[in-house]
Structures are given as structure tokens and as C-alpha cells.
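Chemist: What follows is a single structure, and I will ask about it in a moment.
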Amino acid sequence: MSSQRGYFTVDEVRTAEAELFTRVPEGMPMHRAAYGLATVVAGELRARTGGIAGRSVLLLVGSGDNGGDVLWAGSMLRRRGVAVTAVLLNPDRAHSKGLAALRKAGGRIRTASEVSPSGDAAGSSRGTAILDETDSDAPDLVIDGIVGISGRGPLRPKAAELVAALHVPFIAADLPSGVGPDTGAVTGPAVRADVTVTFGAYKPVHALAAPYCGRIELVPIGLRLPEPHLAALEPAEIGAGWPTPGPTDDKYTQGVTGICAGSAAYPGAAVLCTGAAVAATSGMVRYAGTGAAEVLDHFPEVIAAPTISSTGRVQSWVFGPGAGTDADASKRLAEILSTDLPVVVDADGLTLLAADPDLVLGRTAPTVLTPHAGEFARLTGHEVGQDRVSAARDLAESWQLTVLLKGRATLVATPGRPVLVNEAGGSWAATAGAGDVLSGVIGALLAAGRDPAWSAAAAARAHALAANLAAHENHPSAAPTSATPLLDHLRPAIRILRALAAR
């Protein structure tokens, strides 16, 4: 799995930790974690304030080992000249050895009952102090050690009050408190960190709730981890696997993509979906539908036909964007699904499948469904819920096909295999028509002979990168984008991925 980044559940990490404790001296894993955390905090202090000594750090400390990691890190920072104050949210359950280490290093210890948000904190750009008037200096950074991977649910009221009063950068230890470690669910007050320092392994929260995690830094502590059930393709792997013409290839051997999309009401969907297939690979794209004139006006290299039967030989089909949901559209979908070719079903095609799942159930050829949350609910009869990974996996297993569940963290589930996740790094692709582009890219990769799960995950990565490039075009600051510039940036995105593979 070296070409993938694994994300490990609480149970998987706990099992690995138990094994680690049998072969290293007691306390070593915590010291490794604390040293890594202190190193990242020191680097942030230097980057943000220009120095380390003389700076101020506030620790929000809960019970258990997570609090111990933070207290030990605080003692290390104190020895480097940082003013460290720890606020204990559960004084009776604070990690005793970590607490003793911080005291010995000269750190200040206070309990949550001794502090309260100052009246003017909410109006201060730095949250001048959550402590009383004797604490005149605001911290430069806050370390969140309120709860670790065993935590569940939102922040408790006192912790939420303290967090809300602070207006300085947060560094989370292992994960932002109040965010579900295995699901990324946020059901109430939670820490929104600028940096998260994770110990031993990446956890699902780091991909599923990235906006709450900020930049993620991994501190190895020696865990021996299993094969992950959730993983992300590395960009270099995507670039290395992206189809490009070989010395003996021609337009047919590289994959011929069939697109059945668009209608009189939605001709733009045909243009976007077909254009994405054209941009994604160097083979051939054939179009079947009523949007031929519009498609050819934008992409004269496409071969257009009025019907599926007259389209000619293709090696994959994409059906659905703007295709309609009437009886004629249903017949076209049934005709495509009756082939032994890989098929991507999106948009209106998903609505048709929700009404008649038998169209796809039992199909043995590769099949990829690409629902957003609303389409998922129509397909299954229930909402996605907080556990998106399980939701995608359950649909894939139940229908025996590949499911791409859209979102900032897009999930790709295939029966019997790890769920793949693509964290987009932003939500610039959340715009009308962007899904049409995505389905066209997936179809082109399938036509080139790529595995359906890989095709869906690789397409999601290139799609997200194209959206980010479009939003930042010629300027470091981003501006809203739309599907057309996203499509225009698809080839540059692929070039970047391929350049990463060449390093």
C-alpha cells in the first residue's frame, strides 16, 4: 500500500498501540508523540512570531493519554523558554506524570473552575485572555488536548466556552476535539484547528473533516498497522497510471468513450461531459443524443450519432447528465446497461435507477454510480447520515458495484476493497455542471482499461485539482469558479499529476 495513504479507525489504532506497548519501554510512545508535538508547535511559533523563547502557549488539557501527550509537550516547550500555562478541564483525571513534568519545568497549572472567558475576549482579534485580569498577555498558540481518539460527541459546555473565547491559532493533538474520529461528524461545538498533529497514524477524521483539521502533521511512534479499510491514492500514483499514448497506440487502442448525455432542455450537460472525456485521454469519444450540434460546435473531434445502436464501437459508456428521466431516457439507459461494457451512471441516470434498480442489479460488467447526498437518498431510501464511509460501502456491497459518493471528501466504495477517499482541499467544484465533467473523466479512464475504483478516485483527484486551479487562475487569492473553467483546467491538472510521478 506504499502508493496509498491509509486512514485507521480508533479500534485499529488501539490494537496497534497495544502491540507496540509489548515491545518498547513504558512511556516511550507518549514521549515520542509529545516530542513530535512540541517540535511542530515550536516550528509554528517561529513561523508565526519569529521566535520560540519568550513566546506563550496555552494548553487545554483533558483526561487520559491525549492530555498526557500535551502536558509532556508543554514541559519540553517550557525548557525552550516558552511560557506555558495548562488549563485542566478534569483536574482529578489529569495525566499524573505529564502534570508532574510540566510543573517541574516551571509551567503554570490552572483548573477550568479557576478561569472564565473575559468579557471582552469575544470582541478581541486575539482573544486577549480567557484567564483573569492577572494574565495580561494572550497566548500565541493554543494546544488542544481536550479529548483524544476515544472522545465522542461535541465539546462539553465548559470546554466549548473556553474554545469560543480564544481567537488565536489552535494546534490539535491527534484530532480536533469535538469531531468524530472515525466519521468526521460534527454535531455541536468543536475545535477548528490550524494544524493537527496526529500520532502514529492518520485517522478517518483527517480526511473526512479536513476543514476542522487544518494542515496535518504525522508523528511516527512505531505502530505496526494493518491494511487500511480507508485509503487515499497518492497523487504521484495517479499521475503514473494516467493513460497516455504508447509507441504502438492508435486512436482505437487508447480507449473509445461513449457519452449519452444532454437533452433539448440541458444541452450544456452534453458539452461538459463529452468535453471532459475528450480532455482526459487521447483516444476517441463518440456521442449519442440530441445535443450533437452543440457538442460538435465545441469539440469537432467527437464522432456523433443520433442513437446508441448507431454510435459504433465504444469501450465504455457514460449515461445521465442532463439526459432526462422520461420513458425514452429509461430505454437508452437499459440499452447501455444491457451491454458488457463498463458504464458510469450519473445525474438523471441515478434518478432512473432509483425508480427501477433492476436495471443495474446483477450486472457483472464494471459499473460506477456517482451520487451526491440527495441522489444517494433517492437510491437507498434514507439519508447518508454521519458515517459516510459506511453509507458508501453498504450501497456498493448491496448493489455489487462501485459507488462514488460526492462531497469535499469524495468516497469511492467497491465490494471487498478499501474505500478510497479524495479530500479536495476546498469546495470549488461545488458548482452546477461540475459533476458532468467528473463523470466524463471517469468514463474515459474506464475506456482506457483502468480499474473502476482507481478510475473513480483518480478522476476525483484530477477534477478537484482542476477546480482549484480554475479558482486560483493567475492569482494567489481564489475566486468562485464554474464548470466551464474547471473543464478548461483539466489538462493542466493532469500535467501536474504526471509531473509528480516523474520526480
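Labels used: A, B, ... for chains in the order of the C-alpha cells, numbers from 1 for residues in each chain, and numbers from 1 for ligands as shown.
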Residues near Leu175 in chain A, anyone? I mean within 7 Å using only C-alpha atoms, not counting same-chain ones fewer than 5 positions away, as number ranges by chain.
Modeler: A: 148, 196, 198, 213
Chemist: So that I can check the surroundings of Pro91 in chain A, please list as a list in words every protein, DNA and RNA residue that reaches within 12 Å of it, counting only C-alpha atoms and ignoring chain neighbours fewer than 4 positions away.
Modeler: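 Listed by chain and then number, they are Leu60, Val61, Gly62, Ser63, Gly64, Gly67, Ala86, Val87, His95, Ser96, Leu99, Ile109, Arg110, Thr111, Ala112, Ser113, Glu114 and Ile146 of chain A.
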Chemist: Taking only range 208-356 of chain A into account, list the residues labelled helix (DSSP H, G or I) by DSSP (computed from the backbone), as an NGL selection string.
Modeler: :A and (208 or 210-213 or 235-241 or 267-280 or 292-298 or 327-337 or 348-355)
Chemist: List as a tab-separated table (two decimals) with N, CA, C and O atoms, in the first residue's frame the protein and nucleic acid residues near Arg55 in chain A, meaning an atom at most 9 Å away when only C-alpha atoms are counted, but skip any in the same chain fewer than 6 places from it.
Modeler:
chain	number	residue	atom	x	y	z
A	45	LEU	N	5.48	28.49	16.20
A	45	LEU	CA	5.83	29.74	16.91
A	45	LEU	C	6.85	30.53	16.12
A	45	LEU	O	6.72	31.75	15.96
A	49	THR	N	5.61	34.01	14.82
A	49	THR	CA	6.02	35.11	15.69
A	49	THR	C	7.49	35.50	15.52
A	49	THR	O	7.93	36.49	16.10
A	81	GLY	N	12.12	27.83	26.76
A	81	GLY	CA	11.88	29.24	27.05
A	81	GLY	C	10.49	29.74	26.74
A	81	GLY	O	10.24	30.95	26.78
A	82	VAL	N	9.56	28.82	26.45
A	82	VAL	CA	8.18	29.22	26.16
A	82	VAL	C	7.41	29.31	27.47
A	82	VAL	O	7.53	28.44	28.34
A	83	ALA	N	6.63	30.36	27.63
A	83	ALA	CA	5.73	30.47	28.78
A	83	ALA	C	4.53	29.56	28.53
A	83	ALA	O	3.81	29.73	27.55
A	84	VAL	N	4.36	28.57	29.40
A	84	VAL	CA	3.33	27.55	29.19
A	84	VAL	C	2.35	27.56	30.35
A	84	VAL	O	2.76	27.45	31.52
A	139	PRO	N	-2.09	34.14	24.74
A	139	PRO	CA	-1.17	33.14	24.21
A	139	PRO	C	-0.94	33.34	22.72
A	139	PRO	O	-1.80	33.85	22.00
A	140	ASP	N	0.22	32.94	22.26
A	140	ASP	CA	0.49	32.97	20.82
A	140	ASP	C	-0.14	31.78	20.11
A	140	ASP	O	-0.52	31.89	18.94
A	141	LEU	N	-0.23	30.66	20.82
A	141	LEU	CA	-0.85	29.45	20.27
A	141	LEU	C	-1.60	28.74	21.39
A	141	LEU	O	-1.25	28.86	22.56
Chemist: Going by DSSP on the backbone, which residues of range 384-427 of chain A come out as strand (DSSP E)? List them as a ChimeraX atom specification.
Modeler: /A:402-405,409-413,419-423
Chemist: Enter the distance from CA of Asp144 in chain A to CA of Gly50 in chain A, in Å, rounded to one decimal.
Modeler: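 So the two atoms, CA of Asp144 in chain A and CA of Gly50 in chain A, lie 22.0 Å apart.
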Chemist: Looking at A:Val10, A:Ala173, A:Ala501, A:Val271, which one is nearest to Asp65 in chain A, with distances taken over only C-alpha atoms?
Modeler: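 For Asp65 in chain A, the nearest of the given residues is A:Ala173.
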Chemist: List the spatial neighbours of His372 in chain A as a list in words - criterion: any atom at most 9 Å away, only C-alpha atoms, same-chain residues fewer than 5 positions off excluded.
Modeler: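 Here the answer would be Ala347, Ala377, Leu404, Leu405, Lys406 and Gly407 of chain A.
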Chemist: Could you dump the residues just selected with all heavy atoms as a PDB file, in the first residue's frame?
Modeler:
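File produced: selection_33.pdb:
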ATOM      1  N   ALA A 347     -26.368  11.595 -12.367  1.00  0.00           N
ATOM      2  CA  ALA A 347     -27.451  12.576 -12.519  1.00  0.00           C
ATOM      3  C   ALA A 347     -28.803  11.932 -12.827  1.00  0.00           C
ATOM      4  O   ALA A 347     -29.298  11.126 -12.034  1.00  0.00           O
ATOM      5  CB  ALA A 347     -27.040  13.599 -13.582  1.00  0.00           C
ATOM      6  N   ALA A 377     -29.871   9.433  -1.285  1.00  0.00           N
ATOM      7  CA  ALA A 377     -31.116   9.209  -0.547  1.00  0.00           C
ATOM      8  C   ALA A 377     -32.197   8.635  -1.462  1.00  0.00           C
ATOM      9  O   ALA A 377     -32.978   7.771  -1.045  1.00  0.00           O
ATOM     10  CB  ALA A 377     -31.588  10.514   0.091  1.00  0.00           C
ATOM     11  N   LEU A 404     -19.315   6.162  -6.122  1.00  0.00           N
ATOM     12  CA  LEU A 404     -18.575   7.390  -5.827  1.00  0.00           C
ATOM     13  C   LEU A 404     -19.552   8.343  -5.156  1.00  0.00           C
ATOM     14  O   LEU A 404     -20.476   8.845  -5.804  1.00  0.00           O
ATOM     15  CB  LEU A 404     -17.986   8.006  -7.093  1.00  0.00           C
ATOM     16  CG  LEU A 404     -17.170   9.288  -6.898  1.00  0.00           C
ATOM     17  CD1 LEU A 404     -16.048   9.378  -7.930  1.00  0.00           C
ATOM     18  CD2 LEU A 404     -18.036  10.543  -6.985  1.00  0.00           C
ATOM     19  N   LEU A 405     -19.382   8.543  -3.861  1.00  0.00           N
ATOM     20  CA  LEU A 405     -20.247   9.441  -3.096  1.00  0.00           C
ATOM     21  C   LEU A 405     -19.585  10.808  -3.042  1.00  0.00           C
ATOM     22  O   LEU A 405     -18.532  10.991  -2.436  1.00  0.00           O
ATOM     23  CB  LEU A 405     -20.466   8.890  -1.688  1.00  0.00           C
ATOM     24  CG  LEU A 405     -21.357   9.703  -0.759  1.00  0.00           C
ATOM     25  CD1 LEU A 405     -22.750   9.916  -1.352  1.00  0.00           C
ATOM     26  CD2 LEU A 405     -21.462   9.036   0.608  1.00  0.00           C
ATOM     27  N   LYS A 406     -20.220  11.774  -3.693  1.00  0.00           N
ATOM     28  CA  LYS A 406     -19.613  13.095  -3.856  1.00  0.00           C
ATOM     29  C   LYS A 406     -19.596  13.886  -2.553  1.00  0.00           C
ATOM     30  O   LYS A 406     -20.439  13.710  -1.682  1.00  0.00           O
ATOM     31  CB  LYS A 406     -20.369  13.881  -4.929  1.00  0.00           C
ATOM     32  CG  LYS A 406     -20.258  13.295  -6.324  1.00  0.00           C
ATOM     33  CD  LYS A 406     -21.175  14.021  -7.290  1.00  0.00           C
ATOM     34  CE  LYS A 406     -21.100  13.432  -8.695  1.00  0.00           C
ATOM     35  NZ  LYS A 406     -22.107  14.011  -9.588  1.00  0.00           N
ATOM     36  N   GLY A 407     -18.654  14.789  -2.473  1.00  0.00           N
ATOM     37  CA  GLY A 407     -18.512  15.692  -1.347  1.00  0.00           C
ATOM     38  C   GLY A 407     -17.123  16.282  -1.375  1.00  0.00           C
ATOM     39  O   GLY A 407     -16.298  15.912  -2.213  1.00  0.00           O
TER      40      GLY A 407
END
Chemist: What does the distance from CA of Gly151 in chain A to CA of Leu218 in chain A come to in Å, to one decimal?
Modeler: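 Calculated distance between CA of Gly151 in chain A and CA of Leu218 in chain A is 19.6 Å.
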Chemist: If you count only C-alpha atoms, which residues fall within 12 Å of Ala466 in chain A, apart from same-chain ones fewer than 2 positions away, as a PyMOL selection string?
Modeler: chain A and resi 276+279-280+424-429+434+437-438+441+459-464+468-473+481-497
Chemist: Rank A:Phe199, A:Trp72, A:Tyr7, A:Trp317 by their smallest atom-to-atom distance to Gly27 in chain A, using only C-alpha atoms, and report the top residue only.
Modeler: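 Comparing A:Phe199, A:Trp72, A:Tyr7, A:Trp317 against Gly27 in chain A, the winner is A:Trp72.
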Chemist: As a PDB file with N, CA, C and O atoms, in the first residue's frame, please: the residues near Gly184 in chain A (cut-off 6 Å, only C-alpha atoms, same-chain neighbours under 5 positions excluded).
Modeler:
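And here is the file that came out, result_18.pdb:
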ATOM      1  N   VAL A 179     -14.822  16.499  17.162  1.00  0.00           N
ATOM      2  CA  VAL A 179     -15.030  15.951  15.820  1.00  0.00           C
ATOM      3  C   VAL A 179     -14.890  14.431  15.903  1.00  0.00           C
ATOM      4  O   VAL A 179     -13.951  13.922  16.516  1.00  0.00           O
ATOM      5  N   VAL A 205     -10.911  10.934  10.448  1.00  0.00           N
ATOM      6  CA  VAL A 205     -11.269  12.336  10.653  1.00  0.00           C
ATOM      7  C   VAL A 205     -10.393  13.267   9.830  1.00  0.00           C
ATOM      8  O   VAL A 205     -10.849  14.327   9.369  1.00  0.00           O
ATOM      9  N   LEU A 208     -12.000  13.106   6.388  1.00  0.00           N
ATOM     10  CA  LEU A 208     -13.444  13.351   6.329  1.00  0.00           C
ATOM     11  C   LEU A 208     -13.844  14.698   6.915  1.00  0.00           C
ATOM     12  O   LEU A 208     -14.940  15.190   6.620  1.00  0.00           O
ATOM     13  N   ALA A 209     -12.998  15.286   7.740  1.00  0.00           N
ATOM     14  CA  ALA A 209     -13.303  16.598   8.339  1.00  0.00           C
ATOM     15  C   ALA A 209     -12.098  17.501   8.222  1.00  0.00           C
ATOM     16  O   ALA A 209     -11.715  18.192   9.174  1.00  0.00           O
TER      17      ALA A 209
END
